[in-house]
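Trainee: Supplied structure: data.cif, mmCIF, C-alpha atoms and all ligand atoms.
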data_final
#
loop_
_atom_site.label_atom_id
_atom_site.label_comp_id
_atom_site.auth_asym_id
_atom_site.auth_seq_id
_atom_site.Cartn_x
_atom_site.Cartn_y
_atom_site.Cartn_z
CA MET A 1 -49.64 -4.48 21.96
CA ALA A 2 -46.73 -2.03 21.81
CA ALA A 3 -45.53 -3.19 25.25
CA GLU A 4 -45.61 -6.82 24.11
CA THR A 5 -43.50 -6.03 21.04
CA GLU A 6 -40.96 -4.21 23.20
CA VAL A 7 -40.60 -7.19 25.55
CA ALA A 8 -40.16 -9.55 22.60
CA GLU A 9 -37.53 -7.29 21.04
CA THR A 10 -35.37 -7.04 24.14
CA GLU A 11 -35.28 -10.82 24.38
CA VAL A 12 -33.36 -11.31 21.16
CA PRO A 13 -29.80 -12.32 22.16
CA GLU A 14 -26.88 -10.41 20.74
CA LEU A 15 -24.76 -11.80 17.92
CA PRO A 16 -21.95 -13.68 19.70
CA VAL A 17 -18.64 -11.96 18.93
CA ALA A 18 -16.38 -12.48 21.96
CA ARG A 19 -13.83 -15.28 21.64
CA PRO A 20 -13.22 -17.76 24.44
CA ASP A 21 -10.44 -16.88 26.93
CA GLY A 22 -8.49 -20.08 26.39
CA CYS A 23 -7.76 -20.04 22.66
CA PRO A 24 -7.49 -16.81 20.65
CA PHE A 25 -7.94 -18.80 17.42
CA ASP A 26 -11.33 -20.24 18.37
CA PRO A 27 -14.56 -18.55 17.29
CA PRO A 28 -17.17 -17.59 19.93
CA ALA A 29 -17.91 -20.62 22.12
CA ALA A 30 -21.69 -20.20 21.65
CA TYR A 31 -21.40 -21.45 18.06
CA THR A 32 -20.85 -25.05 19.17
CA ALA A 33 -24.18 -25.28 21.00
CA LEU A 34 -25.99 -23.35 18.27
CA ARG A 35 -24.80 -25.78 15.60
CA ALA A 36 -26.21 -28.64 17.64
CA ASP A 37 -29.48 -27.15 18.90
CA GLU A 38 -30.41 -24.00 17.01
CA PRO A 39 -28.67 -23.91 13.64
CA LEU A 40 -30.66 -20.82 12.64
CA ALA A 41 -30.76 -18.55 15.67
CA ARG A 42 -32.38 -15.15 15.94
CA VAL A 43 -29.76 -12.58 16.97
CA ARG A 44 -29.49 -8.82 17.28
CA CYS A 45 -26.48 -7.50 15.40
CA PRO A 46 -24.19 -4.64 16.50
CA GLY A 47 -25.25 -2.86 13.28
CA GLY A 48 -28.79 -2.68 14.69
CA MET A 49 -30.81 -5.21 12.69
CA ASP A 50 -32.09 -8.61 13.80
CA ALA A 51 -30.90 -11.54 11.70
CA TRP A 52 -30.80 -15.31 11.46
CA LEU A 53 -27.38 -16.53 12.50
CA VAL A 54 -26.55 -19.56 10.32
CA THR A 55 -23.91 -21.77 11.94
CA ARG A 56 -23.85 -25.18 10.20
CA PHE A 57 -21.55 -25.83 7.25
CA GLY A 58 -24.32 -27.17 4.97
CA ASP A 59 -26.72 -24.33 5.77
CA VAL A 60 -24.04 -21.67 5.29
CA ARG A 61 -23.21 -23.12 1.87
CA ALA A 62 -26.89 -23.31 0.94
CA VAL A 63 -27.42 -19.65 1.88
CA LEU A 64 -24.37 -18.51 -0.08
CA ALA A 65 -25.38 -20.55 -3.14
CA ASP A 66 -28.99 -19.29 -3.11
CA ARG A 67 -29.71 -16.72 -5.84
CA ALA A 68 -32.62 -15.43 -3.76
CA MET A 69 -30.13 -14.16 -1.17
CA SER A 70 -29.03 -10.63 -1.95
CA SER A 71 -25.52 -9.46 -1.10
CA ARG A 72 -26.49 -5.81 -0.84
CA GLY A 73 -25.43 -5.62 2.82
CA ALA A 74 -22.23 -7.54 2.18
CA ASN A 75 -20.00 -4.68 3.22
CA SER A 76 -20.68 -6.25 6.62
CA ALA A 77 -23.55 -3.96 7.49
CA HIS A 78 -24.41 -6.27 10.42
CA VAL A 79 -21.36 -5.17 12.38
CA ASN A 80 -20.87 -1.69 10.91
CA GLN A 81 -22.96 1.40 11.31
CA SER A 82 -24.04 1.30 7.66
CA ASP A 83 -27.09 2.87 6.07
CA LEU A 84 -29.13 -0.18 5.04
CA ASP A 85 -31.38 1.82 2.72
CA ALA A 86 -28.52 3.38 0.76
CA PRO A 87 -28.36 2.17 -2.85
CA VAL A 88 -25.51 -0.21 -3.72
CA PRO A 89 -22.70 1.86 -5.26
CA PRO A 90 -22.08 0.94 -8.93
CA GLY A 91 -18.97 -1.25 -9.22
CA SER A 92 -19.27 -2.66 -5.68
CA ILE A 93 -18.70 -6.25 -6.82
CA ILE A 94 -19.19 -7.74 -3.36
CA GLN A 95 -22.65 -6.14 -2.98
CA LEU A 96 -24.13 -6.46 -6.47
CA ASP A 97 -26.58 -9.24 -7.35
CA GLY A 98 -27.61 -11.20 -10.43
CA ASP A 99 -26.72 -9.88 -13.87
CA ASP A 100 -25.07 -6.70 -12.55
CA HIS A 101 -22.72 -8.81 -10.47
CA ALA A 102 -22.10 -11.34 -13.24
CA ARG A 103 -21.17 -8.60 -15.73
CA LEU A 104 -18.56 -7.09 -13.42
CA ARG A 105 -17.16 -10.44 -12.32
CA ARG A 106 -16.84 -11.56 -15.95
CA MET A 107 -14.82 -8.45 -16.76
CA VAL A 108 -12.29 -8.98 -14.02
CA VAL A 109 -12.14 -12.75 -13.53
CA ALA A 110 -9.56 -13.24 -16.29
CA GLU A 111 -7.05 -11.39 -14.12
CA PHE A 112 -7.33 -13.96 -11.33
CA THR A 113 -7.18 -17.36 -13.05
CA VAL A 114 -4.76 -19.94 -11.66
CA ARG A 115 -2.54 -19.43 -14.71
CA ARG A 116 -2.44 -15.64 -14.35
CA VAL A 117 -1.72 -15.88 -10.66
CA GLU A 118 0.96 -18.55 -11.09
CA ALA A 119 2.67 -16.13 -13.47
CA MET A 120 2.94 -13.72 -10.51
CA ARG A 121 4.56 -16.32 -8.22
CA GLY A 122 8.11 -15.30 -9.18
CA TYR A 123 7.35 -11.67 -8.35
CA VAL A 124 5.87 -12.69 -4.98
CA GLN A 125 8.94 -14.84 -4.25
CA ARG A 126 11.28 -11.92 -4.95
CA LEU A 127 9.27 -9.60 -2.72
CA VAL A 128 9.29 -12.10 0.12
CA GLU A 129 13.05 -12.64 -0.17
CA GLU A 130 13.74 -8.89 -0.26
CA HIS A 131 11.71 -8.37 2.90
CA LEU A 132 13.48 -11.23 4.63
CA ASP A 133 16.87 -9.75 3.62
CA ALA A 134 15.80 -6.46 5.19
CA LEU A 135 14.59 -8.15 8.38
CA LEU A 136 17.76 -10.21 8.71
CA ALA A 137 19.90 -7.12 8.19
CA THR A 138 18.62 -5.90 11.60
CA PRO A 139 19.57 -7.53 14.90
CA GLY A 140 15.84 -8.04 15.74
CA PRO A 141 13.40 -7.99 17.38
CA VAL A 142 11.07 -6.72 14.65
CA ASP A 143 7.32 -6.37 14.28
CA LEU A 144 6.52 -9.01 11.68
CA VAL A 145 3.24 -7.28 10.78
CA GLU A 146 4.91 -4.01 9.82
CA GLY A 147 8.07 -5.47 8.32
CA PHE A 148 6.63 -8.45 6.45
CA ALA A 149 2.95 -9.44 6.68
CA LEU A 150 1.47 -6.07 5.65
CA PRO A 151 3.90 -4.81 2.98
CA ILE A 152 3.94 -8.00 0.88
CA PRO A 153 0.19 -8.19 0.04
CA SER A 154 0.12 -4.40 -0.24
CA LEU A 155 2.91 -4.38 -2.81
CA VAL A 156 1.32 -7.26 -4.74
CA ILE A 157 -2.09 -5.60 -5.03
CA CYS A 158 -0.49 -2.25 -5.89
CA GLU A 159 1.53 -3.88 -8.67
CA LEU A 160 -1.56 -5.66 -9.99
CA LEU A 161 -3.79 -2.58 -9.97
CA GLY A 162 -1.10 -0.10 -10.98
CA VAL A 163 -1.39 1.91 -7.74
CA PRO A 164 1.89 3.56 -6.61
CA TYR A 165 3.07 1.86 -3.42
CA ALA A 166 4.56 5.20 -2.38
CA ASP A 167 0.97 6.32 -1.69
CA ARG A 168 0.38 3.46 0.75
CA GLU A 169 0.06 5.68 3.82
CA ARG A 170 -3.03 7.19 2.25
CA PHE A 171 -4.82 4.00 1.30
CA GLN A 172 -3.71 1.90 4.27
CA ARG A 173 -5.03 4.52 6.70
CA GLN A 174 -8.38 4.69 4.90
CA SER A 175 -8.74 0.94 4.57
CA THR A 176 -8.05 0.50 8.30
CA VAL A 177 -10.98 2.84 8.92
CA LEU A 178 -13.17 0.94 6.45
CA VAL A 179 -12.59 -2.48 8.08
CA SER A 180 -12.95 -1.34 11.70
CA THR A 181 -16.24 -2.06 13.44
CA ASP A 182 -15.71 1.04 15.62
CA THR A 183 -15.99 3.29 12.57
CA THR A 184 -19.08 5.51 12.52
CA ALA A 185 -21.13 5.98 9.34
CA GLU A 186 -19.64 9.51 8.97
CA GLN A 187 -16.06 8.29 9.38
CA GLY A 188 -16.74 5.50 6.88
CA GLN A 189 -18.12 8.00 4.37
CA ALA A 190 -15.13 10.30 4.84
CA ALA A 191 -12.61 7.45 4.34
CA PHE A 192 -14.55 6.23 1.32
CA GLY A 193 -14.64 9.77 -0.13
CA GLU A 194 -10.91 10.28 0.29
CA LEU A 195 -9.95 6.91 -1.16
CA SER A 196 -12.36 7.28 -4.11
CA GLY A 197 -11.04 10.76 -4.88
CA TYR A 198 -7.49 9.44 -4.90
CA LEU A 199 -8.33 6.50 -7.17
CA ALA A 200 -10.47 8.60 -9.55
CA ALA A 201 -7.52 10.92 -10.20
CA LEU A 202 -5.17 7.97 -10.65
CA PHE A 203 -7.50 6.07 -13.02
CA ALA A 204 -8.24 9.18 -15.09
CA GLY A 205 -4.49 9.24 -15.79
CA LYS A 206 -4.63 5.60 -16.91
CA ARG A 207 -7.38 6.46 -19.41
CA GLU A 208 -5.01 8.95 -20.99
CA HIS A 209 -1.83 6.89 -20.64
CA PRO A 210 -2.59 3.17 -20.25
CA GLN A 211 0.03 1.04 -18.52
CA ASP A 212 0.59 -2.66 -17.91
CA ASP A 213 -1.88 -3.07 -15.07
CA LEU A 214 -5.35 -4.47 -14.33
CA ILE A 215 -7.16 -1.12 -14.42
CA SER A 216 -5.60 -0.10 -17.76
CA ARG A 217 -6.51 -3.52 -19.21
CA LEU A 218 -10.11 -3.17 -17.98
CA ILE A 219 -10.36 0.22 -19.63
CA ALA A 220 -8.94 -1.16 -22.90
CA ARG A 221 -11.17 -4.25 -22.82
CA GLY A 222 -14.25 -2.08 -22.24
CA ALA A 223 -13.35 0.14 -25.18
CA ALA A 224 -12.84 -2.91 -27.42
CA THR A 225 -16.12 -4.62 -26.48
CA GLY A 226 -18.27 -1.51 -26.18
CA ASP A 227 -19.13 -2.37 -22.57
CA GLU A 228 -17.13 0.30 -20.79
CA LEU A 229 -17.07 0.72 -17.04
CA THR A 230 -17.96 4.23 -15.89
CA MET A 231 -15.44 6.06 -13.72
CA PRO A 232 -17.53 5.49 -10.52
CA GLU A 233 -17.68 1.76 -11.36
CA LEU A 234 -13.96 1.58 -12.01
CA VAL A 235 -13.17 3.43 -8.79
CA MET A 236 -15.44 1.26 -6.65
CA LEU A 237 -14.04 -1.93 -8.17
CA GLY A 238 -10.47 -0.72 -7.66
CA LEU A 239 -11.24 0.27 -4.08
CA SER A 240 -12.80 -3.13 -3.34
CA LEU A 241 -9.76 -4.94 -4.71
CA LEU A 242 -7.31 -2.68 -2.91
CA VAL A 243 -8.97 -3.14 0.49
CA ALA A 244 -9.90 -6.84 0.08
CA GLY A 245 -6.52 -7.61 -1.46
CA HIS A 246 -4.28 -6.52 1.35
CA GLU A 247 -6.23 -6.52 4.63
CA THR A 248 -7.25 -10.19 4.50
CA THR A 249 -3.95 -11.65 3.32
CA ALA A 250 -1.83 -9.49 5.64
CA ASN A 251 -3.80 -10.69 8.66
CA MET A 252 -3.64 -14.29 7.49
CA ILE A 253 0.18 -14.16 7.11
CA ALA A 254 0.77 -12.83 10.63
CA LEU A 255 -1.88 -14.93 12.37
CA SER A 256 -0.71 -18.08 10.56
CA THR A 257 2.86 -17.41 11.67
CA LEU A 258 1.68 -17.22 15.27
CA ALA A 259 -0.39 -20.41 14.93
CA LEU A 260 2.62 -22.22 13.43
CA LEU A 261 4.91 -20.98 16.22
CA ASP A 262 2.37 -22.29 18.76
CA HIS A 263 1.99 -25.63 17.02
CA PRO A 264 4.53 -28.37 17.80
CA GLY A 265 6.45 -29.00 14.59
CA GLY A 266 4.64 -26.13 12.82
CA ARG A 267 7.78 -25.11 10.96
CA GLU A 268 8.38 -28.62 9.61
CA VAL A 269 4.73 -28.95 8.57
CA VAL A 270 4.74 -25.82 6.43
CA LEU A 271 8.11 -26.68 4.88
CA ALA A 272 6.97 -30.22 4.05
CA ASP A 273 3.71 -29.30 2.31
CA ALA A 274 2.90 -25.60 2.13
CA GLU A 275 -0.26 -26.07 0.08
CA ARG A 276 -1.85 -28.43 2.57
CA ALA A 277 -0.70 -26.34 5.56
CA VAL A 278 -2.17 -23.15 4.11
CA GLU A 279 -5.59 -24.75 3.49
CA GLU A 280 -5.81 -26.00 7.07
CA LEU A 281 -4.74 -22.60 8.38
CA LEU A 282 -7.43 -20.93 6.26
CA ARG A 283 -10.07 -23.26 7.73
CA TYR A 284 -8.85 -23.08 11.31
CA LEU A 285 -8.34 -19.32 11.45
CA SER A 286 -11.33 -18.18 9.30
CA VAL A 287 -10.22 -14.57 9.50
CA VAL A 288 -13.43 -13.07 8.04
CA GLN A 289 -14.50 -13.25 11.63
CA PHE A 290 -18.07 -11.94 11.70
CA GLY A 291 -19.20 -13.90 8.64
CA VAL A 292 -20.99 -12.48 5.63
CA LEU A 293 -24.42 -10.89 5.47
CA ARG A 294 -27.26 -11.78 3.13
CA HIS A 295 -30.79 -10.43 2.62
CA ALA A 296 -33.63 -12.78 1.63
CA THR A 297 -35.47 -11.44 -1.42
CA GLU A 298 -38.08 -14.26 -1.36
CA ASP A 299 -39.62 -16.54 1.24
CA THR A 300 -37.36 -19.55 1.42
CA ARG A 301 -36.27 -22.45 3.63
CA VAL A 302 -32.88 -22.87 5.23
CA GLY A 303 -32.50 -26.19 7.05
CA ASP A 304 -35.86 -26.66 8.74
CA ARG A 305 -36.60 -22.95 9.15
CA GLU A 306 -38.81 -20.65 7.10
CA VAL A 307 -37.01 -17.46 6.21
CA LYS A 308 -39.22 -14.61 5.09
CA ALA A 309 -38.49 -12.17 2.27
CA GLY A 310 -36.88 -9.09 3.77
CA GLU A 311 -35.10 -10.93 6.60
CA TRP A 312 -31.33 -10.76 7.12
CA LEU A 313 -29.01 -13.75 7.52
CA VAL A 314 -25.47 -13.88 8.87
CA ALA A 315 -23.56 -16.80 7.32
CA ALA A 316 -21.00 -17.59 10.04
CA LEU A 317 -17.99 -18.83 8.05
CA SER A 318 -15.88 -19.41 11.16
CA SER A 319 -18.61 -21.61 12.66
CA ALA A 320 -19.12 -23.57 9.43
CA ASN A 321 -15.40 -24.23 9.26
CA ARG A 322 -15.53 -25.76 12.76
CA ASP A 323 -18.60 -27.93 12.07
CA GLU A 324 -17.79 -31.31 13.63
CA GLN A 325 -20.24 -33.04 11.26
CA VAL A 326 -17.93 -32.12 8.39
CA PHE A 327 -14.46 -31.86 9.98
CA ALA A 328 -13.39 -34.50 12.50
CA ALA A 329 -11.95 -32.88 15.65
CA ALA A 330 -12.88 -29.58 14.03
CA ASP A 331 -11.35 -27.43 16.77
CA ALA A 332 -7.91 -28.96 16.27
CA LEU A 333 -5.32 -27.54 13.89
CA ASP A 334 -4.72 -30.84 12.10
CA PHE A 335 -2.46 -30.76 9.07
CA ASP A 336 -3.25 -34.37 8.14
CA ARG A 337 -6.90 -33.86 7.20
CA GLU A 338 -8.02 -35.84 4.17
CA THR A 339 -9.87 -32.98 2.48
CA PRO A 340 -8.06 -29.83 3.54
CA ARG A 341 -9.62 -27.77 0.72
CA ARG A 342 -13.17 -28.34 1.82
CA HIS A 343 -13.31 -25.19 3.99
CA ILE A 344 -15.28 -22.05 3.15
CA ALA A 345 -12.85 -19.42 4.40
CA PHE A 346 -13.16 -17.82 0.93
CA GLY A 347 -16.96 -17.97 0.96
CA PHE A 348 -19.04 -19.95 -1.52
CA GLY A 349 -21.26 -19.43 -4.55
CA ALA A 350 -21.34 -16.48 -6.93
CA HIS A 351 -19.32 -14.20 -4.63
CA GLN A 352 -16.66 -16.71 -3.68
CA CYS A 353 -13.37 -14.85 -3.22
CA LEU A 354 -12.01 -13.62 -6.51
CA GLY A 355 -8.48 -13.29 -5.13
CA GLN A 356 -8.22 -16.72 -3.52
CA GLN A 357 -5.50 -18.11 -5.81
CA LEU A 358 -3.44 -14.99 -5.30
CA ALA A 359 -3.93 -15.19 -1.53
CA ARG A 360 -2.83 -18.84 -1.59
CA VAL A 361 0.36 -18.02 -3.52
CA GLU A 362 1.18 -15.16 -1.15
CA LEU A 363 0.57 -17.30 1.92
CA GLN A 364 2.53 -20.29 0.62
CA GLU A 365 5.54 -18.21 -0.41
CA SER A 366 5.56 -16.00 2.71
CA LEU A 367 5.27 -18.80 5.23
CA THR A 368 7.71 -21.27 3.66
CA ARG A 369 10.39 -18.67 2.97
CA LEU A 370 9.99 -17.10 6.41
CA PHE A 371 10.50 -20.40 8.24
CA ARG A 372 13.24 -21.57 5.87
CA ARG A 373 15.32 -18.40 6.14
CA ILE A 374 14.73 -17.96 9.89
CA PRO A 375 14.59 -21.50 11.30
CA ASP A 376 14.79 -20.27 14.89
CA LEU A 377 12.07 -17.63 14.53
CA ARG A 378 10.36 -17.04 17.88
CA LEU A 379 8.20 -14.54 19.71
CA ALA A 380 10.11 -11.65 21.27
CA VAL A 381 7.43 -11.03 23.92
CA PRO A 382 5.59 -13.28 26.40
CA ARG A 383 2.94 -15.28 24.53
CA GLU A 384 0.08 -13.80 26.60
CA SER A 385 0.97 -10.21 25.66
CA VAL A 386 0.09 -10.67 21.95
CA ARG A 387 -2.91 -8.43 21.16
CA TYR A 388 -5.65 -9.36 18.70
CA LYS A 389 -7.94 -7.44 16.38
CA ASP A 390 -11.34 -8.06 17.92
CA ASN A 391 -12.89 -5.00 16.33
CA THR A 392 -12.02 -5.43 12.68
CA LEU A 393 -13.87 -7.37 9.98
CA VAL A 394 -10.72 -9.40 9.42
CA TYR A 395 -9.22 -11.05 12.49
CA GLY A 396 -5.50 -10.88 13.14
CA VAL A 397 -2.78 -9.74 15.49
CA ARG A 398 -2.15 -6.06 16.09
CA GLU A 399 1.59 -6.60 16.02
CA LEU A 400 3.85 -9.64 16.15
CA PRO A 401 7.23 -8.92 17.77
CA VAL A 402 9.61 -11.70 16.73
CA THR A 403 13.29 -12.39 17.01
CA TRP A 404 15.91 -15.04 16.14
CA GLY A 405 19.51 -15.99 16.82
C1 LIG B 1 -6.63 -15.00 2.91
C2 LIG B 1 -7.08 -14.02 2.23
C3 LIG B 1 -8.52 -13.81 1.86
C4 LIG B 1 -9.68 -14.22 2.47
C5 LIG B 1 -9.81 -15.06 3.74
C6 LIG B 1 -10.79 -13.72 1.68
C7 LIG B 1 -12.13 -13.96 1.96
C8 LIG B 1 -13.18 -13.60 1.15
C9 LIG B 1 -14.57 -13.96 1.36
C10 LIG B 1 -15.09 -14.78 2.54
C11 LIG B 1 -15.30 -13.46 0.33
C12 LIG B 1 -16.81 -13.61 0.11
C13 LIG B 1 -17.62 -12.44 0.58
C14 LIG B 1 -19.12 -12.65 0.44
O1 LIG B 1 -19.58 -13.69 0.00
O2 LIG B 1 -19.87 -11.71 0.77
C15 LIG B 1 -14.38 -12.74 -0.53
C16 LIG B 1 -14.75 -12.07 -1.68
C17 LIG B 1 -13.87 -11.30 -2.40
N1 LIG B 1 -12.49 -11.23 -2.27
FE1 LIG B 1 -11.38 -12.21 -0.90
N2 LIG B 1 -10.29 -13.01 0.62
C18 LIG B 1 -8.92 -13.05 0.68
C19 LIG B 1 -8.03 -12.47 -0.22
C20 LIG B 1 -8.38 -11.69 -1.30
C21 LIG B 1 -7.47 -11.08 -2.23
C22 LIG B 1 -5.95 -11.22 -2.20
C23 LIG B 1 -8.23 -10.37 -3.12
C24 LIG B 1 -7.83 -9.53 -4.32
C25 LIG B 1 -6.74 -9.49 -4.90
C26 LIG B 1 -9.62 -10.56 -2.76
C27 LIG B 1 -10.69 -10.02 -3.43
C28 LIG B 1 -12.00 -10.37 -3.21
C29 LIG B 1 -13.11 -9.85 -4.01
C30 LIG B 1 -13.01 -8.87 -5.17
C31 LIG B 1 -14.28 -10.43 -3.50
C32 LIG B 1 -15.71 -10.22 -4.00
C33 LIG B 1 -16.03 -11.21 -5.09
C34 LIG B 1 -17.47 -11.10 -5.58
O3 LIG B 1 -18.29 -10.51 -4.89
O4 LIG B 1 -17.74 -11.62 -6.67
N3 LIG B 1 -9.68 -11.37 -1.65
N4 LIG B 1 -13.08 -12.86 -0.03
#
Using structure tokens, write down the structure that the file contains.
Mentor:
Amino acid sequence: MAAETEVAETEVPELPVARPDGCPFDPPAAYTALRADEPLARVRCPGGMDAWLVTRFGDVRAVLADRAMSSRGANSAHVNQSDLDAPVPPGSIIQLDGDDHARLRRMVVAEFTVRRVEAMRGYVQRLVEEHLDALLATPGPVDLVEGFALPIPSLVICELLGVPYADRERFQRQSTVLVSTDTTAEQGQAAFGELSGYLAALFAGKREHPQDDLISRLIARGAATGDELTMPELVMLGLSLLVAGHETTANMIALSTLALLDHPGGREVVLADAERAVEELLRYLSVVQFGVLRHATEDTRVGDREVKAGEWLVAALSSANRDEQVFAAADALDFDRETPRRHIAFGFGAHQCLGQQLARVELQESLTRLFRRIPDLRLAVPRESVRYKDNTLVYGVRELPVTWG
């Protein structure tokens, strides 16, 4: 009996993660066949557990909308060395379920409405222009990641949270550790400990001396309503926003720039209609590259499969966004799509990205101003020498040497 189980276990194929040689923007080639023939496929994840890999757009949406699917492993435990039995830390918005999640989301959602974010557009525009001035003051080449794509989202999230940008070395180093799939459980714990310690000290100061920032407003709102966040909750929420707020957007800015440089007429497209261009880039690039993890809390059905309580599911966002049943010529970067906003690069359901409007504003302003101010922007290295982040939760380029003139 034991021997039989062992044979069965070794037969489970590994979660496909490698991208095809030809196009660095395409998700693993295996997804195409899986969508057609095995839309829920049993896979073994690098994190150690077996899971159902969900590859079709409709199934991915259904999983993410299903209240019976817990997010407790949503810190990407399927590709990290995480402790699956560890309790969800209080304040970890991305991992909490049901009422606990709703309470936290309600407290912070007011900070991310379209109106609130539009009010930040002027600030984002100024930041972008200042960074372009600094780039253009050099003869080039420059690394666009270091000089542009990373600092802009970092500065925006720091301003929003009231975190001093001068401390960026500390939190950027720790968040790089937290989003790498090569990080061991011990290294993850150490990075988490250091970042939480830093934020706890900072937020304690805000309790004493509130300022005009999101954390101070949360503290004040809690005091006014009698539903105060504890310090561990506040720290975990702040940490989630800090990491989610700059890693994703920074990678999207640099990778989108590369995709636009590759694309004939890419510059003109983004200048003509930035909103439309950004939505198609979000779909096409799907930078949350290993998808999001869910845990079934009840027996349920996904597509024509029974999923048992206790089983894990990987909702493959990058596969869903290339589903040819939903997007014609799904593998093409096509800026003329009729419904460019239909993608699920920001997830779906209760946990759909809280910062999506802010990310959109940052992407629109960065890309249009970059291509307007530097019309002859081009790579400063041979195209094939660009290196990609295959081992981080968020896909991107490691560096992007560019030049002009
Ligand atoms: C292009 C940039 C971005 C992408 C592609 C992205 C993607 C995502 C995805 C796929 C999720 C869902 C995770 C899940 O269901 O488990 C998510 C959630 C989240 N994102 Fe983003 N994100 C981006 C930018 C941002 C920014 C700028 C912020 C903050 C300022 C942010 C904050 C969050 C938070 C707090 C959640 C958790 C929401 C919840 O659980 O209720 N994201 N994001």
Trainee: Taking into account all atoms listed in the file, which residue in the set A:Ile93, A:Ala102, A:Val269, A:Ala41 is nearest to ligand LIG 1 (chain B)?
Mentor: A:Ile93
Trainee: Name the closest residue to ligand LIG 1 (chain B) among the candidates A:Gln364, A:Ser286, A:Ser82, A:Thr113; distances are taken between atoms, counting all atoms listed in the file.
Mentor: A:Ser286
Trainee: Collect all residues with atoms no farther than 8 Å from ligand LIG 1 (chain B), counting all atoms listed in the file, and output them as a count of residues only.
Mentor: 55
Trainee: Name the closest residue to Leu229 of chain A among the candidates A:Ala36, A:Ala254, A:Leu104, A:Ala330; distances are taken between atoms, counting all atoms listed in the file.
Mentor: A:Leu104
Trainee: Please return as a list of chain:residue names every residue within 9 Å of (-4.3, -15.8, 16.8), taking into account all atoms listed in the file and the file's own coordinates.
Mentor: A:Cys23, A:Pro24, A:Phe25, A:Asp26, A:Ala254, A:Leu255, A:Ser256, A:Thr257, A:Leu258, A:Ala259, A:Leu285, A:Val386, A:Arg387, A:Tyr388, A:Tyr395, A:Gly396, A:Val397
Trainee: May I have the residues within 7 Å of Met49 of chain A as a PDB file with C-alpha atoms, in the coordinates of the input, using only C-alpha atoms and disregarding those fewer than 4 positions away in the same chain?
Mentor:
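Heads up, here's the output in part-v7.pdb:
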ATOM      1  CA  ARG A  44     -29.490  -8.820  17.280  1.00  0.00           C
ATOM      2  CA  CYS A  45     -26.480  -7.500  15.400  1.00  0.00           C
ATOM      3  CA  HIS A  78     -24.410  -6.270  10.420  1.00  0.00           C
TER       4      HIS A  78
END
Trainee: Could you tell me, as a PyMOL selection string, which residues have any atom at most 10 Å from (-24.0, -6.2, 15.5), counting only C-alpha atoms?
Mentor: chain A and resi 14-17+43-51+76-81+181+290
Trainee: Hey, what's within 9 Å of Pro210 of chain A if we count only C-alpha atoms and toss same-chain stuff fewer than 6 positions away? As an MDAnalysis selection string, please?
Mentor: chainID A and resid 216:217 219:220
Trainee: Taking all listed atoms of segment 312-316 of chain A, build the axis-aligned box, pad each of the six sides by 8 Å, then write its centre and edge lengths in Å to one decimal as JSON.
Mentor:
{"center_x": -26.2, "center_y": -14.2, "center_z": 8.6, "size_x": 26.3, "size_y": 22.8, "size_z": 18.9}
Trainee: State, in Å with one decimal place, the distance from atom CA of Ser154 of chain A to atom CA of Ser318 of chain A.
Mentor: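 One can read the atom CA of Ser154 of chain A to atom CA of Ser318 of chain A distance as 24.7 Å.
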Trainee: Would you list the contacts of Gly58 of chain A as a list in words, taking every protein, DNA or RNA residue within 9 Å and counting all atoms listed in the file, but skipping same-chain residues closer than 5 positions in sequence?
Mentor: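 Residues near the query, excluding close chain neighbours: Val63, Gly303, Ala320 and Val326 of chain A.
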Trainee: If you keep C-alpha atoms, can you produce a file of those selected residues as a PDB file, in the frame of the given file?
Mentor:
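And here is the file that came out, part.pdb:
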ATOM      1  CA  VAL A  63     -27.420 -19.650   1.880  1.00  0.00           C
ATOM      2  CA  GLY A 303     -32.500 -26.190   7.050  1.00  0.00           C
ATOM      3  CA  ALA A 320     -19.120 -23.570   9.430  1.00  0.00           C
ATOM      4  CA  VAL A 326     -17.930 -32.120   8.390  1.00  0.00           C
TER       5      VAL A 326
END
